[in-house]
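Chemist: Here you go, data_34.csv (CSV, C-alpha atoms):
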chain,number,residue,atom,x,y,z
A,1,MET,CA,-11.7,-2.8,-25.6
A,2,ASN,CA,-15.4,-3.5,-26.0
A,3,VAL,CA,-16.3,-4.6,-22.5
A,4,MET,CA,-20.0,-4.2,-22.8
A,5,ASN,CA,-20.1,-6.2,-26.0
A,6,HIS,CA,-18.7,-9.2,-24.3
A,7,SER,CA,-20.6,-9.0,-21.0
A,8,VAL,CA,-24.2,-9.0,-19.9
A,9,VAL,CA,-23.3,-8.1,-16.3
A,10,SER,CA,-23.6,-4.4,-15.7
A,11,GLU,CA,-22.8,-4.4,-12.0
A,12,PHE,CA,-21.4,-6.6,-9.2
A,13,VAL,CA,-22.9,-6.9,-5.8
A,14,PHE,CA,-20.9,-7.0,-2.6
A,15,THR,CA,-22.0,-9.2,0.3
A,16,GLY,CA,-20.1,-7.0,2.7
A,17,LEU,CA,-18.7,-8.2,6.0
A,18,THR,CA,-21.7,-8.8,8.2
A,19,ASN,CA,-25.5,-8.3,8.5
A,20,SER,CA,-25.4,-7.4,12.2
A,21,TRP,CA,-26.3,-3.8,12.7
A,22,ALA,CA,-24.2,-3.5,15.8
A,23,ILE,CA,-21.1,-4.9,14.0
A,24,GLN,CA,-21.8,-2.6,11.1
A,25,LEU,CA,-21.9,0.4,13.4
A,26,LEU,CA,-18.6,-0.7,14.9
A,27,LEU,CA,-17.0,-1.2,11.5
A,28,PHE,CA,-18.3,2.2,10.3
A,29,VAL,CA,-16.7,3.9,13.3
A,30,PHE,CA,-13.5,1.9,13.0
A,31,SER,CA,-13.2,2.5,9.2
A,32,LEU,CA,-13.9,6.2,9.4
A,33,LEU,CA,-11.5,6.8,12.2
A,34,PHE,CA,-8.7,4.8,10.7
A,35,TYR,CA,-9.2,6.3,7.2
A,36,PHE,CA,-9.2,9.8,8.6
A,37,ALA,CA,-6.1,9.1,10.8
A,38,SER,CA,-4.3,7.5,7.8
A,39,MET,CA,-4.9,10.5,5.6
A,40,MET,CA,-4.0,13.0,8.2
A,41,GLY,CA,-0.9,11.1,9.4
A,42,ASN,CA,0.5,10.7,5.9
A,43,LEU,CA,-0.3,14.3,5.0
A,44,VAL,CA,1.6,15.4,8.1
A,45,ILE,CA,4.7,13.4,6.9
A,46,VAL,CA,4.5,14.8,3.4
A,47,PHE,CA,4.0,18.4,4.7
A,48,THR,CA,6.8,18.0,7.2
A,49,VAL,CA,9.3,16.6,4.7
A,50,THR,CA,8.4,19.2,2.2
A,51,THR,CA,8.7,22.3,4.4
A,52,ASP,CA,11.6,21.3,6.7
A,53,ALA,CA,15.0,21.8,5.0
A,54,HIS,CA,16.7,19.4,7.5
A,55,LEU,CA,14.7,16.5,5.9
A,56,HIS,CA,15.6,17.3,2.3
A,57,SER,CA,17.5,14.1,1.8
A,58,PRO,CA,17.0,10.9,-0.3
A,59,MET,CA,15.6,8.9,2.6
A,60,TYR,CA,12.9,11.4,3.4
A,61,PHE,CA,12.1,12.1,-0.2
A,62,LEU,CA,11.3,8.4,-0.6
A,63,LEU,CA,9.4,8.4,2.7
A,64,ALA,CA,7.2,11.3,1.6
A,65,ASN,CA,6.4,9.5,-1.7
A,66,LEU,CA,5.5,6.4,0.3
A,67,SER,CA,3.0,8.4,2.3
A,68,VAL,CA,1.5,9.8,-1.0
A,69,ILE,CA,1.1,6.2,-2.2
A,70,ASP,CA,-0.4,5.1,1.1
A,71,MET,CA,-3.0,7.8,0.8
A,72,ALA,CA,-3.8,6.7,-2.7
A,73,PHE,CA,-3.9,3.1,-1.7
A,74,CYS,CA,-6.4,3.5,1.2
A,75,SER,CA,-8.6,5.8,-0.9
A,76,ILE,CA,-9.2,3.1,-3.6
A,77,THR,CA,-11.5,0.9,-1.5
A,78,ALA,CA,-12.0,2.6,1.8
A,79,PRO,CA,-14.4,5.4,0.9
A,80,LYS,CA,-16.8,3.1,-1.0
A,81,MET,CA,-16.7,0.6,1.8
A,82,ILE,CA,-17.6,3.3,4.4
A,83,CYS,CA,-20.5,4.5,2.2
A,84,ASP,CA,-21.7,0.9,1.6
A,85,ILE,CA,-21.7,-0.4,5.2
A,86,PHE,CA,-25.4,0.5,5.9
A,87,GLN,CA,-26.6,0.0,2.4
A,88,LYS,CA,-28.7,-3.1,1.7
A,89,HIS,CA,-27.7,-3.2,-2.0
A,90,LYS,CA,-23.9,-2.8,-2.1
A,91,ALA,CA,-23.1,-2.6,-5.8
A,92,ILE,CA,-20.4,-1.4,-8.1
A,93,SER,CA,-20.6,-1.0,-11.9
A,94,PHE,CA,-18.6,-3.3,-14.1
A,95,CYS,CA,-16.3,-0.4,-15.2
A,96,GLY,CA,-16.0,0.7,-11.6
A,97,CYS,CA,-14.9,-2.8,-10.5
A,98,ILE,CA,-12.3,-2.9,-13.3
A,99,THR,CA,-11.1,0.6,-12.3
A,100,GLN,CA,-10.8,-0.4,-8.7
A,101,ILE,CA,-8.8,-3.5,-9.5
A,102,PHE,CA,-6.6,-1.5,-11.9
A,103,PHE,CA,-5.6,1.2,-9.4
A,104,SER,CA,-5.2,-1.2,-6.5
A,105,HIS,CA,-2.6,-3.2,-8.5
A,106,ALA,CA,-1.0,-0.2,-10.0
A,107,VAL,CA,-0.6,1.5,-6.6
A,108,GLY,CA,0.4,-1.7,-4.9
A,109,GLY,CA,3.0,-2.5,-7.5
A,110,THR,CA,4.4,1.1,-7.2
A,111,GLU,CA,4.7,0.7,-3.4
A,112,MET,CA,6.4,-2.6,-3.8
A,113,VAL,CA,9.1,-1.1,-6.0
A,114,LEU,CA,9.4,2.0,-3.8
A,115,LEU,CA,10.0,-0.2,-0.7
A,116,ILE,CA,12.9,-1.9,-2.6
A,117,ALA,CA,14.3,1.6,-3.5
A,118,MET,CA,14.1,2.5,0.2
A,119,ALA,CA,16.0,-0.7,1.1
A,120,PHE,CA,18.7,0.3,-1.5
A,121,ASP,CA,18.9,3.8,0.1
A,122,ARG,CA,19.6,2.2,3.5
A,123,TYR,CA,22.2,-0.1,1.9
A,124,MET,CA,24.1,2.8,0.4
A,125,ALA,CA,23.9,4.8,3.7
A,126,ILE,CA,25.3,2.0,5.8
A,127,CYS,CA,27.6,0.1,3.5
A,128,LYS,CA,28.8,2.9,1.1
A,129,PRO,CA,28.5,6.1,3.3
A,130,LEU,CA,31.2,8.0,1.4
A,131,HIS,CA,29.4,7.4,-1.9
A,132,TYR,CA,25.9,7.9,-0.6
A,133,LEU,CA,25.2,11.4,-1.7
A,134,THR,CA,26.8,10.8,-5.0
A,135,VAL,CA,24.8,7.7,-5.8
A,136,MET,CA,21.6,8.8,-4.2
A,137,SER,CA,21.4,12.1,-6.0
A,138,PRO,CA,18.1,13.9,-6.7
A,139,ARG,CA,18.2,12.6,-10.2
A,140,THR,CA,18.5,9.0,-8.9
A,141,CYS,CA,15.6,9.5,-6.5
A,142,LEU,CA,13.4,10.8,-9.3
A,143,TYR,CA,14.5,7.8,-11.4
A,144,PHE,CA,13.5,5.4,-8.6
A,145,LEU,CA,10.1,7.2,-8.3
A,146,ALA,CA,9.5,7.1,-12.1
A,147,THR,CA,10.5,3.5,-12.3
A,148,SER,CA,8.2,2.4,-9.5
A,149,LEU,CA,5.3,4.2,-11.1
A,150,ILE,CA,6.0,2.6,-14.5
A,151,ILE,CA,6.4,-0.9,-13.1
A,152,GLY,CA,3.2,-0.5,-11.1
A,153,LEU,CA,1.3,0.5,-14.2
A,154,ILE,CA,2.8,-2.4,-16.3
A,155,HIS,CA,2.1,-4.8,-13.5
A,156,SER,CA,-1.6,-3.8,-13.4
A,157,LEU,CA,-2.1,-3.6,-17.2
A,158,VAL,CA,-0.5,-7.0,-17.9
A,159,GLN,CA,-3.2,-8.6,-15.8
A,160,LEU,CA,-6.2,-6.6,-16.8
A,161,VAL,CA,-5.6,-6.7,-20.5
A,162,PHE,CA,-6.6,-10.4,-20.4
A,163,VAL,CA,-9.5,-9.8,-18.1
A,164,VAL,CA,-11.6,-7.0,-19.6
A,165,ASP,CA,-12.7,-9.1,-22.5
A,166,LEU,CA,-13.8,-12.1,-20.5
A,167,PRO,CA,-17.5,-13.0,-20.7
A,168,PHE,CA,-19.5,-12.3,-17.5
A,169,CYS,CA,-23.0,-13.7,-18.2
A,170,GLY,CA,-24.6,-14.4,-14.8
A,171,PRO,CA,-23.0,-14.7,-11.4
A,172,ASN,CA,-22.2,-11.2,-10.1
A,173,ILE,CA,-21.8,-11.7,-6.3
A,174,PHE,CA,-18.6,-10.7,-4.6
A,175,ASP,CA,-18.2,-12.3,-1.2
A,176,SER,CA,-16.3,-9.2,-0.1
A,177,PHE,CA,-16.5,-5.4,0.2
A,178,TYR,CA,-14.3,-4.6,-2.8
A,179,CYS,CA,-13.3,-5.9,-6.2
A,180,ASP,CA,-10.3,-8.2,-6.4
A,181,LEU,CA,-8.9,-10.0,-9.3
A,182,PRO,CA,-9.0,-13.7,-8.1
A,183,ARG,CA,-12.7,-13.4,-7.3
A,184,LEU,CA,-13.5,-11.6,-10.5
A,185,LEU,CA,-11.9,-14.4,-12.5
A,186,ARG,CA,-14.1,-17.0,-10.7
A,187,LEU,CA,-17.2,-15.1,-11.9
A,188,ALA,CA,-16.3,-15.4,-15.6
A,189,CYS,CA,-18.4,-17.7,-17.7
A,190,THR,CA,-15.4,-19.5,-19.1
A,191,ASN,CA,-12.4,-21.5,-18.0
A,192,THR,CA,-9.9,-19.1,-16.3
A,193,GLN,CA,-7.4,-21.6,-14.8
A,194,GLU,CA,-4.6,-20.3,-17.0
A,195,LEU,CA,-5.4,-16.7,-16.1
A,196,GLU,CA,-5.6,-17.6,-12.4
A,197,PHE,CA,-2.2,-19.2,-12.7
A,198,MET,CA,-0.9,-16.0,-14.4
A,199,VAL,CA,-2.3,-13.8,-11.6
A,200,THR,CA,-0.6,-16.1,-9.0
A,201,VAL,CA,2.7,-15.8,-10.8
A,202,ASN,CA,2.4,-12.1,-11.5
A,203,SER,CA,1.2,-11.0,-8.1
A,204,GLY,CA,1.8,-13.9,-5.7
A,205,LEU,CA,5.4,-14.9,-6.6
A,206,ILE,CA,6.4,-11.3,-7.2
A,207,SER,CA,5.1,-10.4,-3.7
A,208,VAL,CA,6.9,-13.4,-2.1
A,209,GLY,CA,10.1,-12.8,-4.1
A,210,SER,CA,10.2,-9.1,-3.2
A,211,PHE,CA,9.4,-9.8,0.5
A,212,VAL,CA,12.2,-12.5,0.7
A,213,LEU,CA,14.7,-10.1,-1.1
A,214,LEU,CA,13.9,-7.3,1.3
A,215,ILE,CA,14.1,-9.3,4.4
A,216,ILE,CA,17.5,-10.8,3.3
A,217,SER,CA,18.8,-7.3,2.5
A,218,TYR,CA,17.7,-6.0,6.0
A,219,ILE,CA,19.3,-9.0,7.7
A,220,ILE,CA,22.6,-8.2,5.9
A,221,LEU,CA,22.3,-4.6,6.9
A,222,PHE,CA,21.7,-5.5,10.5
A,223,THR,CA,24.8,-7.8,10.4
A,224,VAL,CA,26.9,-5.0,8.9
A,225,TRP,CA,25.6,-2.6,11.6
A,226,LYS,CA,26.7,-5.0,14.4
A,227,HIS,CA,30.3,-4.9,13.2
A,228,SER,CA,30.3,-1.2,12.4
A,229,SER,CA,31.5,1.8,14.4
A,230,GLY,CA,29.0,3.8,16.5
A,231,GLY,CA,29.1,6.6,13.9
A,232,LEU,CA,27.1,4.5,11.5
A,233,SER,CA,24.3,3.7,14.0
A,234,LYS,CA,22.4,6.8,13.0
A,235,ALA,CA,22.3,5.6,9.4
A,236,ILE,CA,20.3,2.6,10.3
A,237,SER,CA,18.0,4.2,12.9
A,238,THR,CA,15.0,3.5,10.7
A,239,LEU,CA,15.9,-0.1,9.7
A,240,SER,CA,13.5,-1.7,12.2
A,241,ALA,CA,10.8,0.6,11.0
A,242,HIS,CA,11.4,-0.4,7.4
A,243,VAL,CA,11.2,-4.1,8.3
A,244,THR,CA,8.0,-3.6,10.2
A,245,VAL,CA,6.4,-1.7,7.2
A,246,VAL,CA,7.6,-4.4,4.8
A,247,ILE,CA,6.0,-7.2,6.9
A,248,LEU,CA,2.7,-5.2,7.3
A,249,PHE,CA,2.5,-4.5,3.5
A,250,PHE,CA,3.6,-7.9,2.1
A,251,GLY,CA,1.9,-10.1,4.7
A,252,PRO,CA,-1.7,-9.7,3.4
A,253,LEU,CA,-0.6,-9.6,-0.2
A,254,MET,CA,1.1,-12.9,0.0
A,255,PHE,CA,-2.0,-14.5,1.5
A,256,PHE,CA,-4.3,-13.0,-1.1
A,257,TYR,CA,-2.3,-14.2,-4.1
A,258,THR,CA,-0.7,-17.5,-3.0
A,259,TRP,CA,-3.6,-19.1,-1.1
A,260,PRO,CA,-5.4,-21.5,-3.4
A,261,SER,CA,-8.9,-20.1,-2.7
A,262,PRO,CA,-10.6,-17.9,-0.1
A,263,THR,CA,-12.4,-20.6,2.0
A,264,SER,CA,-12.9,-18.4,5.0
A,265,HIS,CA,-13.6,-14.8,6.0
A,266,LEU,CA,-9.9,-14.4,7.0
A,267,ASP,CA,-9.0,-12.8,3.6
A,268,LYS,CA,-11.7,-10.2,4.0
A,269,TYR,CA,-10.5,-9.1,7.4
A,270,LEU,CA,-6.9,-9.1,6.2
A,271,ALA,CA,-8.2,-6.8,3.4
A,272,ILE,CA,-9.6,-4.4,6.0
A,273,PHE,CA,-6.2,-4.5,7.7
A,274,ASP,CA,-4.4,-3.8,4.4
A,275,ALA,CA,-6.8,-1.0,3.4
A,276,PHE,CA,-7.1,0.8,6.7
A,277,VAL,CA,-4.6,-0.2,9.4
A,278,THR,CA,-1.4,-0.5,7.3
A,279,PRO,CA,-1.6,3.1,5.8
A,280,PHE,CA,-2.3,4.3,9.4
A,281,LEU,CA,0.6,2.4,11.0
A,282,ASN,CA,3.2,3.5,8.4
A,283,PRO,CA,3.3,7.2,9.5
A,284,VAL,CA,3.0,6.1,13.2
A,285,ILE,CA,6.0,3.8,12.8
A,286,TYR,CA,8.2,6.3,10.9
A,287,THR,CA,7.2,9.1,13.2
A,288,PHE,CA,7.7,7.5,16.6
A,289,ARG,CA,10.8,5.5,15.6
A,290,ASN,CA,12.6,8.4,13.9
A,291,LYS,CA,14.2,11.1,16.0
A,292,ASP,CA,14.7,13.5,13.0
A,293,MET,CA,11.0,13.2,12.1
A,294,LYS,CA,9.9,14.0,15.7
A,295,VAL,CA,12.2,17.0,15.9
A,296,ALA,CA,11.0,18.3,12.5
A,297,MET,CA,7.4,17.9,13.6
A,298,ARG,CA,8.1,19.9,16.8
A,299,ARG,CA,9.6,22.6,14.7
A,300,LEU,CA,6.6,22.5,12.4
A,301,CYS,CA,4.2,22.8,15.4
A,302,ASN,CA,6.2,25.7,16.8
A,303,ARG,CA,6.0,27.5,13.5
A,304,LEU,CA,2.3,26.9,13.2
A,305,VAL,CA,1.8,28.2,16.8
A,306,HIS,CA,3.9,31.2,16.1
A,307,PHE,CA,2.0,31.9,12.9
A,308,THR,CA,-1.4,31.5,14.7
A,309,LYS,CA,-0.3,34.1,17.3
A,310,ILE,CA,0.7,36.5,14.6
A,311,LEU,CA,-2.8,36.2,13.0
Could you spell out this file's structure in structure tokens?

Modeler:
Amino acid sequence: MNVMNHSVVSEFVFTGLTNSWAIQLLLFVFSLLFYFASMMGNLVIVFTVTTDAHLHSPMYFLLANLSVIDMAFCSITAPKMICDIFQKHKAISFCGCITQIFFSHAVGGTEMVLLIAMAFDRYMAICKPLHYLTVMSPRTCLYFLATSLIIGLIHSLVQLVFVVDLPFCGPNIFDSFYCDLPRLLRLACTNTQELEFMVTVNSGLISVGSFVLLIISYIILFTVWKHSSGGLSKAISTLSAHVTVVILFFGPLMFFYTWPSPTSHLDKYLAIFDAFVTPFLNPVIYTFRNKDMKVAMRRLCNRLVHFTKIL
């Protein structure tokens, strides 16, 4: 793909969020704290699930991988935004912009499929408890993980394969702090209505469809739980946490790719929420609403304290 042969634009310039120094300082502190907290919180989940034998189950295997994906997702745009906040010239190379879009869609698509896999895991635990360990075997969990990665890559490549050869001959201003596909298409020096429609179908309708499917499945699971015996209540102890995570993840995505055009700054602030707050809230939600995770983290802290005393 000869990108440079079809484009005279070597870089794109971000307008950022504000020119006010006070607000920039506030954004810098907010972004840095939430990025650090997101990385540390998700690392704690991965480390806890990996080291605690009590959490070696399908649900926590998927949760640990969700945390890895969240760390990757918030690392795609957050570090550059933090570095660019006080820069007068906020720029990214053409290849850097394409790379940012590729990974954001690949990781986002992967997380989308993984959330569906987690919903299926809860369905098996609640509706088919006797067959749960047979169906949700380690091989099945690895299959879910591989499938989510492959679908995420395909989802991203299908869109970008039509974009990289577009001519970009002049306008290079992004009214944002990161590269996104709808804005990039509007900067091309050609008619991109068909491509914009393809992006809406590929990203927008898939996001809405997956969201509706997940919400319906959780409503069914809640209904089953109400008519089940008390012994099954532990199996759905994380259902409300799953629903919260699904809403937080899909809410901004549905706005980005189904809204006709960004006519206000709302999409930029939703992007901040999606890049910083959601990856931070995921470990908080799963930690404070899950008794097993809290107990495992206490055991981990006790082991670390004991190991420190030995040293």

Chemist: Under the rule that all atoms listed in the file are counted, which of A:Ile272, A:Leu266, A:Leu185, A:Ala241 is the nearest residue to Gln159 (chain A)?

Modeler: A:Leu185

Chemist: Let me make sure I understand: among A:Val8, A:Met59, A:Ala22, A:Ile76, which one has the smallest atom-to-atom distance to Met124 (chain A) if we use only C-alpha atoms?

Modeler: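 Distance minimum relative to Met124 (chain A) lands on A:Met59.
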
Chemist: List the neighbours of His242 (chain A) out to 10 Å using only C-alpha atoms; skip same-chain residues closer than 6 positions along the sequence, and give me the result as a PyMOL selection string.

Modeler: chain A and resi 115+118-119+122+214-215+218+236+248+282+285-286

Chemist: Please produce a file of those selected residues containing C-alpha atoms, as a PDB file, in the coordinates of the input.

Modeler:
ATOM      1  CA  LEU A 115      10.000  -0.200  -0.700  1.00  0.00           C
ATOM      2  CA  MET A 118      14.100   2.500   0.200  1.00  0.00           C
ATOM      3  CA  ALA A 119      16.000  -0.700   1.100  1.00  0.00           C
ATOM      4  CA  ARG A 122      19.600   2.200   3.500  1.00  0.00           C
ATOM      5  CA  LEU A 214      13.900  -7.300   1.300  1.00  0.00           C
ATOM      6  CA  ILE A 215      14.100  -9.300   4.400  1.00  0.00           C
ATOM      7  CA  TYR A 218      17.700  -6.000   6.000  1.00  0.00           C
ATOM      8  CA  ILE A 236      20.300   2.600  10.300  1.00  0.00           C
ATOM      9  CA  LEU A 248       2.700  -5.200   7.300  1.00  0.00           C
ATOM     10  CA  ASN A 282       3.200   3.500   8.400  1.00  0.00           C
ATOM     11  CA  ILE A 285       6.000   3.800  12.800  1.00  0.00           C
ATOM     12  CA  TYR A 286       8.200   6.300  10.900  1.00  0.00           C
TER      13      TYR A 286
END

Chemist: Using all atoms listed in the file, pick whichever of A:Tyr257, A:Ile101, A:Phe120, A:Ala53 has the shortest atom-to-atom distance to Tyr132 (chain A).

Modeler: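 Of A:Tyr257, A:Ile101, A:Phe120, A:Ala53, the one nearest Tyr132 (chain A), counting all atoms listed in the file, is A:Phe120.
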
Chemist: Point out the residue among A:Leu253, A:Val245, A:Leu32, A:Pro167 with the least atom-to-atom distance to Gly204 (chain A), counting all atoms listed in the file.

Modeler: A:Leu253

Chemist: Between A:Val163, A:Ile154, A:Val243, A:Met39, single out the one closest to Thr110 (chain A), counting only C-alpha atoms.

Modeler: A:Ile154

Chemist: Measuring between all atoms listed in the file, which one of A:Thr48, A:Gln100, A:Ser10, A:Ser31 shows the shortest distance to Arg299 (chain A)?

Modeler: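 Selected residue with least distance to Arg299 (chain A): A:Thr48.
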
Chemist: Mind checking which residues fall within 8 Å of Ala275 (chain A), counting all atoms listed in the file, ignoring those fewer than 6 positions away in the same chain, and posting them as a list in words?

Modeler: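 Here the qualifying residues turn out to be Phe73, Cys74, Thr77 and Ala78 of chain A.
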
Chemist: Could you state the separation of CA of Gly170 (chain A) and CA of Val13 (chain A) in Å, given to one decimal place?

Modeler: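 One can read the CA of Gly170 (chain A) to CA of Val13 (chain A) distance as 11.8 Å.
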
Chemist: Name all residues at most 10 Å from region 82-97 of chain A (count all atoms listed in the file; drop same-chain ones fewer than 3 positions away) and give them as a PyMOL selection string.

Modeler: chain A and resi 3-4+7-19+21+23-25+27-32+35+77-79+100-102+164+168+172-174+177-181+184

Chemist: Between CA of Gly152 (chain A) and CA of Gly108 (chain A), what is the spacing in Å?

Modeler: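 Distance between the two atoms: 6.9 Å.
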
Chemist: Might you pull out every residue within 9 Å of Pro283 (chain A), with only C-alpha atoms counted and same-chain residues fewer than 6 positions away left off, and present them as a PDB file with C-alpha atoms, in the frame of the given file?

Modeler:
ATOM      1  CA  SER A  38      -4.300   7.500   7.800  1.00  0.00           C
ATOM      2  CA  GLY A  41      -0.900  11.100   9.400  1.00  0.00           C
ATOM      3  CA  ASN A  42       0.500  10.700   5.900  1.00  0.00           C
ATOM      4  CA  VAL A  44       1.600  15.400   8.100  1.00  0.00           C
ATOM      5  CA  ILE A  45       4.700  13.400   6.900  1.00  0.00           C
ATOM      6  CA  SER A  67       3.000   8.400   2.300  1.00  0.00           C
TER       7      SER A  67
END

Chemist: Find the spatial neighbours of Val46 (chain A), counting all atoms listed in the file, within a cut-off of 10 Å - ignore same-chain residues fewer than 4 positions away - and output them as JSON, numbers by chain.

Modeler: {"A": [40, 41, 42, 50, 51, 60, 61, 63, 64, 65, 66, 67, 68, 283]}

Chemist: As an mmCIF file, keeping the file's coordinate frame, could you write out region 86-99 of chain A once it has been completed with N, CA, C and O atoms?

Modeler:
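Contents of rebuild00.cif, as written:
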data_model
loop_
_atom_site.group_PDB
_atom_site.id
_atom_site.type_symbol
_atom_site.label_atom_id
_atom_site.label_comp_id
_atom_site.auth_asym_id
_atom_site.auth_seq_id
_atom_site.Cartn_x
_atom_site.Cartn_y
_atom_site.Cartn_z
ATOM 1 N N PHE A 86 -23.957 0.571 5.554
ATOM 2 C CA PHE A 86 -25.400 0.500 5.900
ATOM 3 C C PHE A 86 -26.307 0.324 4.753
ATOM 4 O O PHE A 86 -27.523 0.343 4.921
ATOM 5 N N GLN A 87 -25.744 0.158 3.553
ATOM 6 C CA GLN A 87 -26.600 0.000 2.400
ATOM 7 C C GLN A 87 -26.994 -1.505 2.253
ATOM 8 O O GLN A 87 -26.187 -2.408 2.450
ATOM 9 N N LYS A 88 -28.257 -1.731 1.931
ATOM 10 C CA LYS A 88 -28.700 -3.100 1.700
ATOM 11 C C LYS A 88 -28.192 -3.637 0.375
ATOM 12 O O LYS A 88 -27.885 -4.819 0.244
ATOM 13 N N HIS A 89 -28.174 -2.763 -0.630
ATOM 14 C CA HIS A 89 -27.700 -3.200 -2.000
ATOM 15 C C HIS A 89 -26.333 -2.536 -2.198
ATOM 16 O O HIS A 89 -26.218 -1.376 -2.578
ATOM 17 N N LYS A 90 -25.289 -3.313 -1.943
ATOM 18 C CA LYS A 90 -23.900 -2.800 -2.100
ATOM 19 C C LYS A 90 -23.417 -3.219 -3.475
ATOM 20 O O LYS A 90 -23.018 -4.356 -3.697
ATOM 21 N N ALA A 91 -23.460 -2.292 -4.399
ATOM 22 C CA ALA A 91 -23.100 -2.600 -5.800
ATOM 23 C C ALA A 91 -22.074 -1.684 -6.338
ATOM 24 O O ALA A 91 -21.870 -0.574 -5.842
ATOM 25 N N ILE A 92 -21.403 -2.174 -7.364
ATOM 26 C CA ILE A 92 -20.400 -1.400 -8.100
ATOM 27 C C ILE A 92 -20.567 -1.733 -9.580
ATOM 28 O O ILE A 92 -20.833 -2.886 -9.926
ATOM 29 N N SER A 93 -20.454 -0.751 -10.440
ATOM 30 C CA SER A 93 -20.600 -1.000 -11.900
ATOM 31 C C SER A 93 -19.432 -1.860 -12.384
ATOM 32 O O SER A 93 -18.381 -1.961 -11.742
ATOM 33 N N PHE A 94 -19.643 -2.451 -13.552
ATOM 34 C CA PHE A 94 -18.600 -3.300 -14.100
ATOM 35 C C PHE A 94 -17.328 -2.473 -14.367
ATOM 36 O O PHE A 94 -16.228 -2.894 -13.995
ATOM 37 N N CYS A 95 -17.487 -1.292 -14.961
ATOM 38 C CA CYS A 95 -16.300 -0.400 -15.200
ATOM 39 C C CYS A 95 -15.698 0.039 -13.890
ATOM 40 O O CYS A 95 -14.477 0.169 -13.782
ATOM 41 N N GLY A 96 -16.555 0.306 -12.891
ATOM 42 C CA GLY A 96 -16.000 0.700 -11.600
ATOM 43 C C GLY A 96 -15.221 -0.373 -10.943
ATOM 44 O O GLY A 96 -14.196 -0.092 -10.302
ATOM 45 N N CYS A 97 -15.652 -1.613 -11.110
ATOM 46 C CA CYS A 97 -14.900 -2.800 -10.500
ATOM 47 C C CYS A 97 -13.557 -2.903 -11.216
ATOM 48 O O CYS A 97 -12.530 -3.089 -10.546
ATOM 49 N N ILE A 98 -13.544 -2.816 -12.554
ATOM 50 C CA ILE A 98 -12.300 -2.900 -13.300
ATOM 51 C C ILE A 98 -11.347 -1.778 -12.892
ATOM 52 O O ILE A 98 -10.132 -1.969 -12.694
ATOM 53 N N THR A 99 -11.901 -0.573 -12.731
ATOM 54 C CA THR A 99 -11.100 0.600 -12.300
ATOM 55 C C THR A 99 -10.496 0.386 -10.946
ATOM 56 O O THR A 99 -9.316 0.705 -10.702
#
